[in-house]
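The structure appears below as structure tokens.
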Amino acid sequence: MAEARPLDALNKARDKKVIIDLKNGKQFVGLLRAFDIHINVVMDDTEERVEGEVKRKIGTAFIRGDTIIMISPA
Amino acid sequence: MAEARPLDALNKARDKKVIIDLKNGKQFVGLLRAFDIHINVVMDDTEERVEGEVKRKIGTAFIRGDTIIMISPA
Amino acid sequence: MAEARPLDALNKARDKKVIIDLKNGKQFVGLLRAFDIHINVVMDDTEERVEGEVKRKIGTAFIRGDTIIMISPA
Amino acid sequence: MAEARPLDALNKARDKKVIIDLKNGKQFVGLLRAFDIHINVVMDDTEERVEGEVKRKIGTAFIRGDTIIMISPA
Amino acid sequence: MAEARPLDALNKARDKKVIIDLKNGKQFVGLLRAFDIHINVVMDDTEERVEGEVKRKIGTAFIRGDTIIMISPA
Amino acid sequence: MAEARPLDALNKARDKKVIIDLKNGKQFVGLLRAFDIHINVVMDDTEERVEGEVKRKIGTAFIRGDTIIMISPA
Amino acid sequence: MAEARPLDALNKARDKKVIIDLKNGKQFVGLLRAFDIHINVVMDDTEERVEGEVKRKIGTAFIRGDTIIMISPA
């Protein structure tokens, strides 16, 4: 990976499975469908995980960017 | 769902039942009526839930965007 | 209610009794008189409630928008 | 009071005694002398109150807007 | 004091001794030398006080505006 | 190092191993690949460390800038 | 020191040893090399101190401005 801009890396992850770490300690895992410059994100097939355990099956999720710590490939 | 922008996903959820997770740990469940770029949201037939239990019937609710973690179909 | 923009819903609530939930867990109940795009709000005949009990009669109150979680009809 | 904009209500309170509730739970009580669009405020004859008791006599006080929850007539 | 704008009050306090209350509960006391619209502040002969006691002699201090609750004459 | 602007220092660290301290007390260690003016960052070969111990191997990580305290060479 | 603008004071401290107090209670001590209007800072020969004790030798450090309370000569 050699992109100059952070959003290029998110773009490569589009339609792939990602883990999103939230500021409240939870994780969302699912397919990254869309994002914008605020890092607002839409995922499909989303699961909420707390300490590694699946707590909820959510389907499509709109996540507000300012609650996100990190996004990485799952 | 294949939209490029996160707000497109919210637009598809308009007039449908959604769950909104708040930063304070509560949830609002109701019909998504309106939203803007700050993710300020208006819902109808809103219920406040805490740990899955309905705590309040609210009717119409204006929710300030910066208190929201996630919006998903109910 | 079928408005496209969240502030339209606030506009309909003008001069009506509303409940405002704050981030600190308190509520203000009173007549919604004015608001702006930051969701700064002015209420009349305001009461402060904590866990449902009236703690203070305030009269007119200017409330800074970034302290607000939700506004709904009382 | 029937003004359309929240800052109009603050303008009416100019040179009158007001109570300012802060996010840290304290209150400042004094004469409202000046404010701006960030709700930065200047008061004269200011007292700091904690749970209703006067803790400090401050005189003139410049208060940063983002620390304020509410401003109301004293 | 009858200025219309809050920053006018800070301007009058320039080169005078002021107390700055911070969001973390500490105070800085010293000569107000400079400030800007973000309320970033520079003080000289600065002392850090915690619950009224001098904890540190700092000399010149640059203080970031978003950590400040209040500025008042010492 | 004698650059006038902070982002010049980040630019020098590009493709080198860095430690990122987060506001939640965790650290990410990896190769700095990209950053922007918000200090959003992309790393490769990322490890999450808590109190010095590796807790997770993450690979590529997009980190939102407002969660970052410090970035330094590893 | 008689500058009108806070950033002038930071400019005078360039290439000198400074102490930076962070919102998380820690301190960074080192040579101030660069800063910008967000108060993002680069230091060299940086030490992290907790309650006065050196906890880490860091070398060059990029510090995000919104984590900073105060910068003062060491």
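Here's how to read the names in the structure tokens: chain A, B, ... by the order shown, residue numbers from 1 in each chain, ligand numbers from 1 in the order shown.
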message = I want to know what sits within 6 Å of G:Asn40, based on only C-alpha atoms, with residues of the same chain fewer than 3 positions away left out; could you give that as a list in words?
response = Phe35, Asp36, Ile63, Arg64 and Gly65 of chain G
message = Quick check for you: according to DSSP on this backbone, which residues of chain D are classed as strand (DSSP E or B)? Reply as a VMD selection string.
response = chain D and resid 17 to 22 27 to 35 41 to 50 53 to 63 68 to 73
task = Find the residues of chain G in contact range of chain E, meaning any atom within 6 Å when counting only C-alpha atoms, and list them as a list in words.
result = Ala4, Arg5, Pro6, Ile69, Met70, Ile71 and Ser72 of chain G
Could you write out the selected residues, including N, CA, C and O atoms, as a PDB file, in the first residue's frame?
ATOM      1  N   ALA G   4       1.446  40.889  20.953  1.00  0.00           N
ATOM      2  CA  ALA G   4      -0.009  41.002  20.951  1.00  0.00           C
ATOM      3  C   ALA G   4      -0.669  39.653  20.714  1.00  0.00           C
ATOM      4  O   ALA G   4      -1.809  39.446  21.107  1.00  0.00           O
ATOM      5  N   ARG G   5       0.024  38.704  20.082  1.00  0.00           N
ATOM      6  CA  ARG G   5      -0.621  37.452  19.677  1.00  0.00           C
ATOM      7  C   ARG G   5       0.021  36.258  20.357  1.00  0.00           C
ATOM      8  O   ARG G   5       1.262  36.163  20.421  1.00  0.00           O
ATOM      9  N   PRO G   6      -0.785  35.321  20.837  1.00  0.00           N
ATOM     10  CA  PRO G   6      -0.235  34.162  21.548  1.00  0.00           C
ATOM     11  C   PRO G   6       0.802  33.383  20.737  1.00  0.00           C
ATOM     12  O   PRO G   6       1.803  32.923  21.291  1.00  0.00           O
ATOM     13  N   ILE G  69      -2.852  21.325  27.036  1.00  0.00           N
ATOM     14  CA  ILE G  69      -3.358  22.371  27.936  1.00  0.00           C
ATOM     15  C   ILE G  69      -2.454  23.598  27.896  1.00  0.00           C
ATOM     16  O   ILE G  69      -2.907  24.707  27.705  1.00  0.00           O
ATOM     17  N   MET G  70      -1.148  23.385  28.086  1.00  0.00           N
ATOM     18  CA  MET G  70      -0.233  24.504  28.258  1.00  0.00           C
ATOM     19  C   MET G  70       1.158  24.186  27.726  1.00  0.00           C
ATOM     20  O   MET G  70       1.600  23.039  27.798  1.00  0.00           O
ATOM     21  N   ILE G  71       1.831  25.199  27.228  1.00  0.00           N
ATOM     22  CA  ILE G  71       3.234  25.094  26.808  1.00  0.00           C
ATOM     23  C   ILE G  71       4.001  26.189  27.535  1.00  0.00           C
ATOM     24  O   ILE G  71       3.607  27.358  27.501  1.00  0.00           O
ATOM     25  N   SER G  72       5.106  25.800  28.200  1.00  0.00           N
ATOM     26  CA  SER G  72       5.887  26.805  28.928  1.00  0.00           C
ATOM     27  C   SER G  72       7.374  26.477  28.844  1.00  0.00           C
ATOM     28  O   SER G  72       7.740  25.327  28.599  1.00  0.00           O
TER      29      SER G  72
END
ask   = Per DSSP on the backbone, what are the alpha helix (DSSP H) residues of chain F, as a ChimeraX atom specification?
value = /F:6-12
query = atom CA of A:Arg49 and atom CA of F:Gly25, how far apart in Å?
reply =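 Interatomic distance here is 20.2 Å.
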